[in-house]
>>> print(open('work.cif').read())   # mmCIF, C-alpha atoms
data_entry
loop_
_atom_site.label_atom_id
_atom_site.label_comp_id
_atom_site.auth_asym_id
_atom_site.auth_seq_id
_atom_site.Cartn_x
_atom_site.Cartn_y
_atom_site.Cartn_z
CA MET A 1 0.00 0.00 0.00
CA LYS A 2 2.72 2.49 0.93
CA ALA A 3 5.59 1.76 -1.48
CA PRO A 4 4.93 2.54 -5.15
CA ASP A 5 5.39 0.28 -8.14
CA LEU A 6 8.19 1.67 -10.30
CA LEU A 7 7.18 1.22 -13.93
CA ARG A 8 9.41 2.07 -16.86
CA LEU A 9 7.32 3.86 -19.49
CA SER A 10 10.21 4.62 -21.85
CA ASP A 11 14.00 4.68 -21.88
CA ASN A 12 14.10 7.75 -19.66
CA VAL A 13 10.67 7.92 -17.98
CA VAL A 14 9.80 5.93 -14.85
CA LEU A 15 6.40 6.16 -13.17
CA ALA A 16 6.22 5.83 -9.38
CA ARG A 17 2.67 4.51 -9.26
CA PHE A 18 1.03 4.81 -5.86
CA GLU A 19 -2.28 3.58 -4.64
CA THR A 20 -2.26 6.36 -2.05
CA LEU A 21 0.83 8.60 -2.13
CA LYS A 22 0.12 10.46 1.07
CA VAL A 23 0.45 7.38 3.26
CA TYR A 24 4.12 8.42 3.49
CA ALA A 25 3.16 11.91 4.69
CA ALA A 26 0.46 10.82 7.14
CA LEU A 27 2.38 7.93 8.74
CA GLY A 28 5.54 10.00 9.06
CA ALA A 29 3.70 12.99 10.52
CA VAL A 30 1.61 11.01 13.02
CA ARG A 31 4.60 8.96 14.16
CA THR A 32 6.68 12.11 14.67
CA LEU A 33 3.90 13.92 16.56
CA LEU A 34 3.48 10.95 18.90
CA GLU A 35 7.23 10.74 19.52
CA ARG A 36 7.33 14.46 20.34
CA GLY A 37 4.34 14.16 22.66
CA THR A 38 2.43 16.70 20.59
CA VAL A 39 -0.49 14.27 20.34
CA GLN A 40 -1.52 11.54 22.78
CA PRO A 41 -2.95 8.06 22.20
CA GLY A 42 -6.74 8.26 21.86
CA GLN A 43 -6.72 11.91 20.74
CA THR A 44 -8.70 13.01 17.67
CA LEU A 45 -6.80 14.32 14.66
CA VAL A 46 -8.65 16.53 12.17
CA ASP A 47 -7.86 17.92 8.76
CA SER A 48 -9.30 19.03 5.45
CA SER A 49 -8.74 16.87 2.39
CA SER A 50 -9.76 16.38 -1.23
CA GLY A 51 -9.32 12.62 -0.94
CA ILE A 52 -6.00 10.81 -0.74
CA TYR A 53 -4.70 12.55 2.40
CA ALA A 54 -8.00 11.75 4.12
CA LEU A 55 -7.54 8.05 3.45
CA ALA A 56 -3.89 8.15 4.44
CA LEU A 57 -4.65 9.95 7.72
CA ALA A 58 -7.44 7.51 8.52
CA MET A 59 -5.00 4.63 7.99
CA ALA A 60 -2.37 6.26 10.19
CA CYS A 61 -4.89 6.90 12.97
CA HIS A 62 -6.12 3.31 12.67
CA ARG A 63 -2.54 2.06 13.04
CA TYR A 64 -1.61 4.24 16.02
CA GLY A 65 -4.87 4.08 18.00
CA LEU A 66 -6.03 7.63 17.33
CA ASN A 67 -9.40 9.03 16.29
CA CYS A 68 -9.76 10.73 12.92
CA HIS A 69 -12.16 13.40 11.69
CA ILE A 70 -12.09 14.52 8.05
CA VAL A 71 -13.58 17.67 6.55
CA ALA A 72 -13.95 16.32 3.05
CA SER A 73 -14.04 18.04 -0.32
CA THR A 74 -17.04 17.73 -2.57
CA THR A 75 -14.74 15.57 -4.76
CA VAL A 76 -14.67 12.77 -2.15
CA ASP A 77 -16.95 10.13 -3.64
CA ALA A 78 -19.07 7.42 -2.01
CA ALA A 79 -16.36 4.77 -2.36
CA MET A 80 -13.78 6.94 -0.61
CA ARG A 81 -16.22 7.96 2.11
CA ALA A 82 -17.11 4.32 2.77
CA GLN A 83 -13.43 3.46 3.22
CA LEU A 84 -12.97 6.34 5.65
CA GLU A 85 -15.95 5.30 7.74
CA ILE A 86 -14.94 1.62 7.83
CA LEU A 87 -11.50 2.70 9.07
CA GLY A 88 -13.26 4.51 11.93
CA ALA A 89 -13.06 8.09 10.70
CA THR A 90 -15.94 10.53 11.03
CA VAL A 91 -16.60 12.72 7.99
CA ASP A 92 -17.94 16.21 7.38
CA GLN A 93 -18.42 16.68 3.63
CA MET A 94 -18.86 19.92 1.79
CA PRO A 95 -22.08 20.30 -0.25
CA PRO A 96 -21.83 19.70 -4.03
CA SER A 97 -19.95 22.49 -5.78
CA GLN A 98 -18.39 23.11 -9.19
CA ASP A 99 -16.02 25.68 -7.66
CA LEU A 100 -13.06 23.99 -5.95
CA ARG A 101 -11.87 27.37 -4.68
CA LEU A 102 -15.03 27.88 -2.63
CA ASP A 103 -14.93 24.22 -1.61
CA GLN A 104 -11.41 24.55 -0.20
CA GLU A 105 -12.10 27.80 1.62
CA GLY A 106 -15.26 26.30 3.11
CA ARG A 107 -13.36 23.28 4.38
CA VAL A 108 -10.81 25.42 6.19
CA ARG A 109 -13.59 27.48 7.80
CA ARG A 110 -15.25 24.27 8.99
CA VAL A 111 -12.00 23.00 10.56
CA ARG A 112 -11.61 26.28 12.44
CA GLN A 113 -15.20 26.00 13.66
CA LEU A 114 -14.56 22.46 14.93
CA LEU A 115 -11.42 23.56 16.77
CA ALA A 116 -13.39 26.31 18.52
CA GLU A 117 -16.12 23.83 19.52
CA ARG A 118 -13.78 20.97 20.53
CA PRO A 119 -10.48 22.27 21.95
CA GLY A 120 -9.04 18.75 22.35
CA LEU A 121 -8.75 18.23 18.59
CA HIS A 122 -5.35 18.35 16.95
CA TRP A 123 -5.34 20.00 13.52
CA MET A 124 -2.85 18.19 11.29
CA ARG A 125 -2.46 21.22 8.98
CA GLN A 126 -1.20 19.23 6.01
CA TYR A 127 -0.96 22.51 4.08
CA HIS A 128 1.33 24.21 6.57
CA ASP A 129 3.07 21.85 9.04
CA ALA A 130 6.49 20.77 7.77
CA VAL A 131 6.19 17.54 9.76
CA HIS A 132 4.56 16.13 6.62
CA TYR A 133 7.92 16.20 4.83
CA SER A 134 9.48 13.63 7.17
CA GLY A 135 7.77 10.51 5.83
CA TYR A 136 8.99 11.07 2.27
CA ARG A 137 12.59 10.34 3.22
CA GLU A 138 11.66 6.68 2.93
CA PHE A 139 10.46 7.33 -0.64
CA ALA A 140 13.74 9.12 -1.36
CA ASP A 141 15.64 6.06 -0.07
CA LEU A 142 13.68 3.84 -2.48
CA ILE A 143 14.38 6.09 -5.50
CA ASP A 144 18.06 6.41 -4.54
CA ARG A 145 18.46 2.62 -4.47
CA ALA A 146 16.39 1.92 -7.59
CA LEU A 147 17.94 4.66 -9.75
CA PRO A 148 21.55 5.00 -8.60
CA ASP A 149 23.90 7.52 -10.20
CA ALA A 150 21.59 8.67 -13.00
CA PRO A 151 20.75 12.40 -13.19
CA LEU A 152 17.09 12.66 -12.16
CA THR A 153 14.22 14.95 -13.06
CA VAL A 154 11.26 14.58 -10.70
CA VAL A 155 7.89 15.53 -12.22
CA GLY A 156 4.88 15.89 -9.94
CA ALA A 157 1.87 17.94 -8.93
CA VAL A 158 2.83 20.66 -6.47
CA GLY A 159 -0.24 20.34 -4.22
CA THR A 160 0.79 20.94 -0.62
CA GLY A 161 4.46 20.82 -1.64
CA SER A 162 5.35 17.97 0.71
CA SER A 163 5.56 15.08 -1.75
CA THR A 164 7.76 16.73 -4.37
CA GLY A 165 9.80 18.69 -1.84
CA GLY A 166 10.04 15.76 0.57
CA LEU A 167 11.47 13.59 -2.22
CA VAL A 168 14.01 15.91 -3.82
CA ASP A 169 15.40 17.56 -0.68
CA PRO A 170 16.93 14.37 0.79
CA LEU A 171 18.24 13.33 -2.63
CA ARG A 172 19.96 16.68 -3.12
CA GLU A 173 21.40 16.43 0.40
CA ARG A 174 23.11 13.22 -0.74
CA GLY A 175 24.68 15.00 -3.68
CA ARG A 176 22.34 13.60 -6.33
CA ASP A 177 21.79 15.65 -9.49
CA VAL A 178 18.04 16.25 -9.20
CA ARG A 179 15.84 18.75 -11.03
CA LEU A 180 12.26 19.34 -9.85
CA LEU A 181 9.41 20.10 -12.26
CA GLY A 182 6.19 21.22 -10.62
CA VAL A 183 2.75 20.87 -12.21
CA GLN A 184 -0.03 23.35 -11.50
CA PRO A 185 -3.60 23.98 -12.72
CA PHE A 186 -4.84 27.36 -13.85
CA GLY A 187 -6.58 29.13 -10.96
CA SER A 188 -4.04 28.25 -8.25
CA VAL A 189 -2.38 30.93 -6.13
CA THR A 190 0.69 28.78 -5.43
CA PHE A 191 2.63 29.80 -8.52
CA GLY A 192 0.66 32.81 -9.71
CA SER A 193 -2.07 31.41 -11.98
CA ASP A 194 -4.93 32.60 -9.76
CA GLY A 195 -5.91 35.21 -12.33
CA PHE A 196 -7.36 32.43 -14.48
CA SER A 197 -10.41 30.24 -14.10
CA ASP A 198 -10.69 26.82 -15.72
CA PRO A 199 -14.42 25.99 -15.75
CA GLU A 200 -13.84 22.24 -16.07
CA ALA A 201 -11.07 21.99 -13.49
CA ILE A 202 -11.60 19.14 -11.05
CA ILE A 203 -7.94 18.40 -10.43
CA ALA A 204 -8.35 18.21 -6.67
CA GLY A 205 -5.13 18.40 -4.67
CA ILE A 206 -2.84 19.72 -7.42
CA GLY A 207 -3.25 23.47 -6.79
CA SER A 208 -4.74 25.77 -4.17
CA SER A 209 -6.91 28.81 -3.69
CA ILE A 210 -5.08 29.67 -0.45
CA PRO A 211 -1.35 29.98 0.37
CA PHE A 212 0.35 26.77 1.54
CA ASP A 213 3.32 27.27 3.87
CA ASN A 214 4.58 23.77 3.01
CA VAL A 215 5.33 24.78 -0.58
CA ARG A 216 9.01 25.67 -0.79
CA HIS A 217 9.13 27.57 -4.06
CA ASP A 218 12.93 27.63 -4.11
CA LEU A 219 13.08 23.86 -4.63
CA TYR A 220 11.54 24.00 -8.13
CA ASP A 221 13.52 24.31 -11.35
CA THR A 222 10.64 24.46 -13.84
CA LEU A 223 6.86 25.01 -13.64
CA HIS A 224 4.17 23.71 -15.98
CA TRP A 225 0.58 24.99 -15.85
CA LEU A 226 -2.07 22.81 -17.54
CA ASP A 227 -5.81 23.05 -17.96
CA PHE A 228 -8.25 20.21 -17.33
CA ARG A 229 -8.36 19.01 -20.93
CA HIS A 230 -4.59 18.56 -21.06
CA ALA A 231 -4.54 16.68 -17.76
CA MET A 232 -7.35 14.51 -19.13
CA ALA A 233 -5.33 13.85 -22.29
CA GLY A 234 -2.39 12.71 -20.16
CA ALA A 235 -4.51 10.43 -17.97
CA VAL A 236 -6.34 8.80 -20.88
CA GLY A 237 -3.09 8.50 -22.83
CA LEU A 238 -1.38 6.80 -19.87
CA LEU A 239 -4.15 4.21 -19.71
CA ARG A 240 -4.28 3.69 -23.46
CA GLU A 241 -0.53 3.43 -24.04
CA HIS A 242 0.63 1.74 -20.83
CA ALA A 243 -2.52 0.25 -19.25
CA VAL A 244 -2.02 2.34 -16.10
CA PHE A 245 -5.25 3.65 -14.54
CA ALA A 246 -4.25 6.78 -12.61
CA GLY A 247 -5.71 10.09 -11.51
CA LEU A 248 -5.65 13.50 -13.16
CA SER A 249 -2.58 14.80 -11.37
CA THR A 250 -0.68 11.75 -12.63
CA GLY A 251 -2.05 12.34 -16.12
CA ALA A 252 -0.85 15.94 -16.06
CA ALA A 253 2.61 14.90 -14.84
CA HIS A 254 2.77 12.14 -17.46
CA LEU A 255 2.05 14.61 -20.26
CA VAL A 256 4.70 17.01 -18.94
CA ALA A 257 7.29 14.25 -18.52
CA GLY A 258 6.82 13.08 -22.11
CA TRP A 259 7.51 16.56 -23.46
CA GLU A 260 10.49 17.12 -21.15
CA ALA A 261 12.01 13.67 -21.69
CA ALA A 262 12.13 14.21 -25.46
CA ARG A 263 14.23 17.34 -24.86
CA HIS A 264 16.47 15.88 -22.15
CA PRO A 265 17.19 12.27 -23.11
CA GLU A 266 20.24 12.18 -20.82
CA ARG A 267 18.10 12.44 -17.68
CA VAL A 268 15.79 9.89 -16.04
CA HIS A 269 12.37 11.46 -15.46
CA VAL A 270 10.54 10.18 -12.37
CA VAL A 271 6.78 10.81 -12.56
CA ILE A 272 4.93 10.86 -9.25
CA GLY A 273 1.65 8.99 -9.70
CA ALA A 274 -0.29 10.02 -6.61
CA ASP A 275 -3.34 7.77 -6.82
CA THR A 276 -5.53 5.57 -8.98
CA GLY A 277 -8.12 6.84 -11.45
CA HIS A 278 -11.23 5.49 -9.72
CA ARG A 279 -12.59 8.78 -8.45
CA TYR A 280 -12.32 10.25 -11.95
CA THR A 281 -14.12 7.44 -13.75
CA GLU A 282 -17.31 9.30 -14.66
CA ARG A 283 -15.94 12.79 -15.21
CA VAL A 284 -12.78 11.82 -17.09
CA PHE A 285 -12.42 8.24 -18.30
CA ALA A 286 -16.04 7.81 -19.39
CA ARG A 287 -15.35 10.78 -21.70
CA HIS A 288 -12.25 9.20 -23.24
CA GLN A 289 -13.48 9.79 -26.79
CA GLU A 290 -13.23 13.54 -26.12
CA ALA A 291 -9.60 13.29 -25.02
CA LEU A 292 -6.99 15.18 -27.00
CA HIS A 293 -4.13 13.14 -28.41
CA PRO A 294 -0.96 13.84 -26.37
CA SER A 295 1.26 13.79 -29.45
CA VAL A 296 -0.27 17.03 -30.82
CA LEU A 297 0.02 18.97 -27.57
CA LYS A 298 2.87 21.25 -26.62
CA PRO A 299 3.30 24.10 -24.12
CA HIS A 300 3.60 27.84 -24.63
CA GLN A 301 7.13 28.64 -23.42
CA ILE A 302 7.20 31.81 -21.31
CA THR A 303 9.81 33.82 -19.44
CA GLY A 304 7.58 35.52 -16.86
CA LEU A 305 4.21 35.16 -15.16
CA ALA A 306 2.87 38.12 -17.14
CA ASP A 307 2.95 35.86 -20.21
CA LEU A 308 1.14 32.97 -18.55
CA ALA A 309 -1.71 31.67 -20.71
CA PRO A 310 -3.88 28.55 -21.00
CA PRO A 311 -4.08 25.82 -22.01
CA TRP A 312 -0.45 24.86 -21.24
CA SER A 313 2.48 27.07 -20.28
CA VAL A 314 6.01 26.26 -19.15
CA MET A 315 8.54 28.50 -17.44
CA ALA A 316 12.05 28.10 -16.04
CA TRP A 317 11.52 28.82 -12.33
CA GLU A 318 15.21 28.49 -11.36
CA ARG A 319 14.61 27.82 -7.65
CA ARG A 320 13.49 31.34 -6.91
CA SER A 321 11.39 32.42 -3.94
CA TYR A 322 7.82 33.70 -4.40
CA ASP A 323 5.47 35.76 -2.26
CA VAL A 324 2.06 34.09 -2.49
CA ARG A 325 0.38 36.33 0.09
CA ARG A 326 -0.66 39.15 -2.15
CA SER A 327 -3.90 40.40 -3.67
CA ALA A 328 -5.40 37.87 -6.05
CA ALA A 329 -5.75 38.86 -9.67
CA PRO A 330 -9.25 38.98 -11.14
CA ALA A 331 -10.30 35.65 -12.58
CA ARG A 332 -10.04 35.14 -16.32
CA VAL A 333 -11.74 32.31 -18.16
CA PRO A 334 -9.47 30.76 -20.79
CA ALA A 335 -10.58 30.94 -24.39
CA PRO A 336 -11.63 27.69 -26.07
CA LEU A 337 -8.83 25.70 -27.66
CA ALA A 338 -8.21 26.41 -31.29
CA ALA A 339 -9.51 23.72 -33.57
CA SER A 340 -6.01 22.93 -34.82
CA THR A 341 -4.94 21.78 -31.34
CA VAL A 342 -7.81 19.34 -30.93
CA ALA A 343 -7.21 15.91 -32.38
CA PRO A 344 -9.32 12.86 -31.64
CA THR A 345 -7.47 10.10 -29.89
CA ALA A 346 -6.86 7.15 -32.16
CA PRO A 347 -8.18 3.81 -30.94
CA PRO A 348 -5.61 1.23 -29.82
CA SER A 349 -4.23 -0.82 -32.66
CA ALA A 350 -5.23 -4.44 -33.19
CA THR A 351 -1.65 -5.44 -32.44
CA THR A 352 -1.72 -3.70 -29.05
CA ALA A 353 -5.12 -5.11 -28.19
CA ASP A 354 -4.14 -8.63 -29.22
CA ALA A 355 -0.90 -8.48 -27.27
CA SER A 356 -2.67 -7.21 -24.16
CA ALA A 357 -5.30 -9.92 -24.36
CA ALA A 358 -2.82 -12.67 -25.06
CA THR A 359 -0.71 -12.21 -21.95
CA SER A 360 -2.11 -11.95 -18.43
CA ALA A 361 1.21 -11.44 -16.71
CA GLY A 362 4.70 -10.41 -17.74
CA VAL A 363 8.18 -10.87 -16.41
CA SER A 364 9.39 -8.00 -14.22
CA ALA A 365 12.61 -6.40 -15.38
CA ALA A 366 14.99 -4.23 -13.39
CA LEU A 367 16.47 -1.00 -14.64
CA SER A 368 19.64 -1.29 -16.63
CA THR A 369 21.35 0.68 -13.85
CA GLY A 370 20.34 -2.03 -11.39
CA VAL A 371 18.03 -2.29 -8.39
CA SER A 372 19.42 -3.55 -5.11
CA ALA A 373 17.91 -6.68 -3.58
CA ASP A 374 16.40 -4.81 -0.65
CA ALA A 375 14.59 -2.26 -2.82
CA SER A 376 10.89 -2.53 -2.09
CA ALA A 377 9.79 -2.09 -5.72
CA ALA A 378 11.21 -3.19 -9.05
CA VAL A 379 11.10 -1.16 -12.20
CA SER A 380 9.06 -2.91 -14.88
CA THR A 381 9.42 -2.50 -18.59
CA ALA A 382 6.67 -0.75 -20.49
CA ALA A 383 5.68 -4.01 -22.20
CA THR A 384 5.39 -5.84 -18.89
CA ASN A 385 3.43 -2.93 -17.47
CA LYS A 386 0.99 -2.98 -20.39
CA GLU A 387 0.39 -6.71 -20.08
CA ASP A 388 0.05 -6.72 -16.30
CA ARG A 389 -2.32 -3.77 -16.17
CA ALA A 390 -4.51 -5.12 -18.94
CA SER A 391 -5.10 -8.42 -17.19
#
>>> encode(input="work.cif", output="structure tokens")
Amino acid sequence: MKAPDLLRLSDNVVLARFETLKVYAALGAVRTLLERGTVQPGQTLVDSSSGIYALALAMACHRYGLNCHIVASTTVDAAMRAQLEILGATVDQMPPSQDLRLDQEGRVRRVRQLLAERPGLHWMRQYHDAVHYSGYREFADLIDRALPDAPLTVVGAVGTGSSTGGLVDPLRERGRDVRLLGVQPFGSVTFGSDGFSDPEAIIAGIGSSIPFDNVRHDLYDTLHWLDFRHAMAGAVGLLREHAVFAGLSTGAAHLVAGWEAARHPERVHVVIGADTGHRYTERVFARHQEALHPSVLKPHQITGLADLAPPWSVMAWERRSYDVRRSAAPARVPAPLAASTVAPTAPPSATTADASAATSAGVSAALSTGVSADASAAVSTAATNKEDRAS
């Protein structure tokens, strides 16, 4: 559950496919807080979540004998809520909303209300408490063993900042050559795209309408901003080409990694796949015929935030600092994509379909650089991945 599968998608792209990425953050944070005496056995931990942190925190509380209360986003579906309740968590869920900005702000207000009503609660503050970085050192150990010596480029959704930052910081401390590429939606304050509004955006957990103290802007080398339709193209393309069913943040990172890997073949690109695609089934994968073909998509390369524009922009960030706490720009709705950028996704070839159907399991293969025997996940070839996932 905690350690990811490492799947080789191409010569220089490896996907770290998680079932629930934030298990690292939640287990590490709860363990540290108990060791410090900040929380006590039997206490109730509370936080706001759009989904995967809620499940991870419920698991951590279940393991350590703590109570868990989640203020859940409107994006938390019935399947996720059932898992939370079976694990013993209590759930407050926001009413249905198409505006994730209002949803997030409402969740934070509800947490503050609960703290005022029940002083014994401990607010985990996944957005702001750096204790959430600690658990990702174990992930860094895994990547260091599985991909020794190679120059790395980590590609992942920024979100709270803990997963990408918590991975690259320990690797850089060890002297590894690591670049960090952050992925953001339009409409997020974190890296200055809050002046835009993407009407279809449901990429929960990838951006934010409020400042996150856990985002360390000076860790990032490059930023990519994508709209919903490009993230959808990446997610559908990942399933179609590699038989990996993953969420929208993974789809966005996959699209970015493909473009970057073609320009930097000397580097190994590690894509962080935060969760599975189940909660996006109806709103993304059921619409797969609408998905753009990744091969025709490319970003608008910019040199400053003043040039930022949908549907996809990229900018060299160069590990600079950034003051998020400023007046938000008025929202702008992106113009529809030009017809020339929209290409229907071709159906899988008969050869691919036959190969997938013919083999229910493949032989796992390690990276050419080698994976040590104690590594908790092996890197599979793309062919093995396609066969295994299709079965």
>>> closest_residue(input="work.cif", among="A:Arg174, A:Val39, A:Ile70, A:Leu84", to="Leu55 (chain A)", atoms="only C-alpha atoms")
A:Leu84
>>> resolve_selection(input="work.cif", expression="the PyMOL selection byres ((chain A and resi 181-185) around 6)", output="list in words")
Val155, Gly156, Ala157, Val158, Leu180, Phe186, Gly207, Asp221, Thr222, Leu223, His224, Trp225, Leu226 and Asp227 of chain A
>>> residues_around(input="work.cif", residues="region 140-153 of chain A", least_positions_apart="3", cutoff="6 Å", atoms="only C-alpha atoms", output="ChimeraX atom specification")
/A:137,167,177-180,267-269,371
>>> write_last_selection(input="work.cif", atoms="C-alpha atoms", output="compact mmCIF listing (two decimals), in the coordinates of the input")
# COMPACT_ATOMS: atom_id res chain seq x y z
CA ARG A 137 12.59 10.34 3.22
CA LEU A 167 11.47 13.59 -2.22
CA ASP A 177 21.79 15.65 -9.49
CA VAL A 178 18.04 16.25 -9.20
CA ARG A 179 15.84 18.75 -11.03
CA LEU A 180 12.26 19.34 -9.85
CA ARG A 267 18.10 12.44 -17.68
CA VAL A 268 15.79 9.89 -16.04
CA HIS A 269 12.37 11.46 -15.46
CA VAL A 371 18.03 -2.29 -8.39
>>> atom_distance(input="work.cif", atom1="CA of Phe139 (chain A)", atom2="CA of Tyr24 (chain A)")
7.6 Å
>>> residues_near_point(input="work.cif", point="(1.8, 35.5, -18.4)", cutoff="12 Å", atoms="all atoms listed in the file", output="PyMOL selection string")
chain A and resi 186+191-196+225+300-315
>>> closest_residue(input="work.cif", among="A:Leu238, A:Val154, A:Ala274, A:Met232", to="His288 (chain A)", atoms="all atoms listed in the file")
A:Met232
>>> atom_distance(input="work.cif", atom1="CA of Asp275 (chain A)", atom2="CA of Thr20 (chain A)")
5.1 Å
>>> axis_aligned_box(input="work.cif", around="region 110-115 of chain A", padding_each_side="8 Å", output="JSON")
{"center_x": -13.3, "center_y": 24.4, "center_z": 12.9, "size_x": 19.8, "size_y": 19.8, "size_z": 23.8}
>>> residues_around(input="work.cif", residues="Ala58 (chain A)", least_positions_apart="5", cutoff="9 Å", atoms="all atoms listed in the file", output="PDB file with C-alpha atoms, in the frame of the given file")
ATOM      1  CA  ALA A  26       0.460  10.820   7.140  1.00  0.00           C
ATOM      2  CA  TYR A  53      -4.700  12.550   2.400  1.00  0.00           C
ATOM      3  CA  ARG A  63      -2.540   2.060  13.040  1.00  0.00           C
ATOM      4  CA  LEU A  66      -6.030   7.630  17.330  1.00  0.00           C
ATOM      5  CA  ASN A  67      -9.400   9.030  16.290  1.00  0.00           C
ATOM      6  CA  CYS A  68      -9.760  10.730  12.920  1.00  0.00           C
ATOM      7  CA  HIS A  69     -12.160  13.400  11.690  1.00  0.00           C
ATOM      8  CA  ILE A  70     -12.090  14.520   8.050  1.00  0.00           C
ATOM      9  CA  GLN A  83     -13.430   3.460   3.220  1.00  0.00           C
ATOM     10  CA  LEU A  84     -12.970   6.340   5.650  1.00  0.00           C
ATOM     11  CA  GLU A  85     -15.950   5.300   7.740  1.00  0.00           C
ATOM     12  CA  LEU A  87     -11.500   2.700   9.070  1.00  0.00           C
ATOM     13  CA  GLY A  88     -13.260   4.510  11.930  1.00  0.00           C
ATOM     14  CA  ALA A  89     -13.060   8.090  10.700  1.00  0.00           C
TER      15      ALA A  89
END
>>> residues_around(input="work.cif", residues="Val111 (chain A)", least_positions_apart="5", cutoff="12 Å", atoms="only C-alpha atoms", output="JSON, numbers by chain")
{"A": [45, 46, 47, 48, 49, 69, 70, 71, 72, 91, 92, 93, 94, 104, 105, 106, 116, 117, 118, 119, 121, 122, 123, 124, 125]}
>>> write_last_selection(input="work.cif", atoms="C-alpha atoms", output="CSV table (one decimal), in the coordinates of the input")
chain,number,residue,atom,x,y,z
A,45,LEU,CA,-6.8,14.3,14.7
A,46,VAL,CA,-8.6,16.5,12.2
A,47,ASP,CA,-7.9,17.9,8.8
A,48,SER,CA,-9.3,19.0,5.4
A,49,SER,CA,-8.7,16.9,2.4
A,69,HIS,CA,-12.2,13.4,11.7
A,70,ILE,CA,-12.1,14.5,8.0
A,71,VAL,CA,-13.6,17.7,6.6
A,72,ALA,CA,-14.0,16.3,3.0
A,91,VAL,CA,-16.6,12.7,8.0
A,92,ASP,CA,-17.9,16.2,7.4
A,93,GLN,CA,-18.4,16.7,3.6
A,94,MET,CA,-18.9,19.9,1.8
A,104,GLN,CA,-11.4,24.6,-0.2
A,105,GLU,CA,-12.1,27.8,1.6
A,106,GLY,CA,-15.3,26.3,3.1
A,116,ALA,CA,-13.4,26.3,18.5
A,117,GLU,CA,-16.1,23.8,19.5
A,118,ARG,CA,-13.8,21.0,20.5
A,119,PRO,CA,-10.5,22.3,22.0
A,121,LEU,CA,-8.8,18.2,18.6
A,122,HIS,CA,-5.4,18.4,17.0
A,123,TRP,CA,-5.3,20.0,13.5
A,124,MET,CA,-2.8,18.2,11.3
A,125,ARG,CA,-2.5,21.2,9.0
>>> closest_residue(input="work.cif", among="A:Ser73, A:Tyr64, A:Pro294, A:Phe285", to="His254 (chain A)", atoms="all atoms listed in the file")
A:Pro294
>>> atom_distance(input="work.cif", atom1="CA of Ala257 (chain A)", atom2="CA of Asp5 (chain A)")
17.5 Å
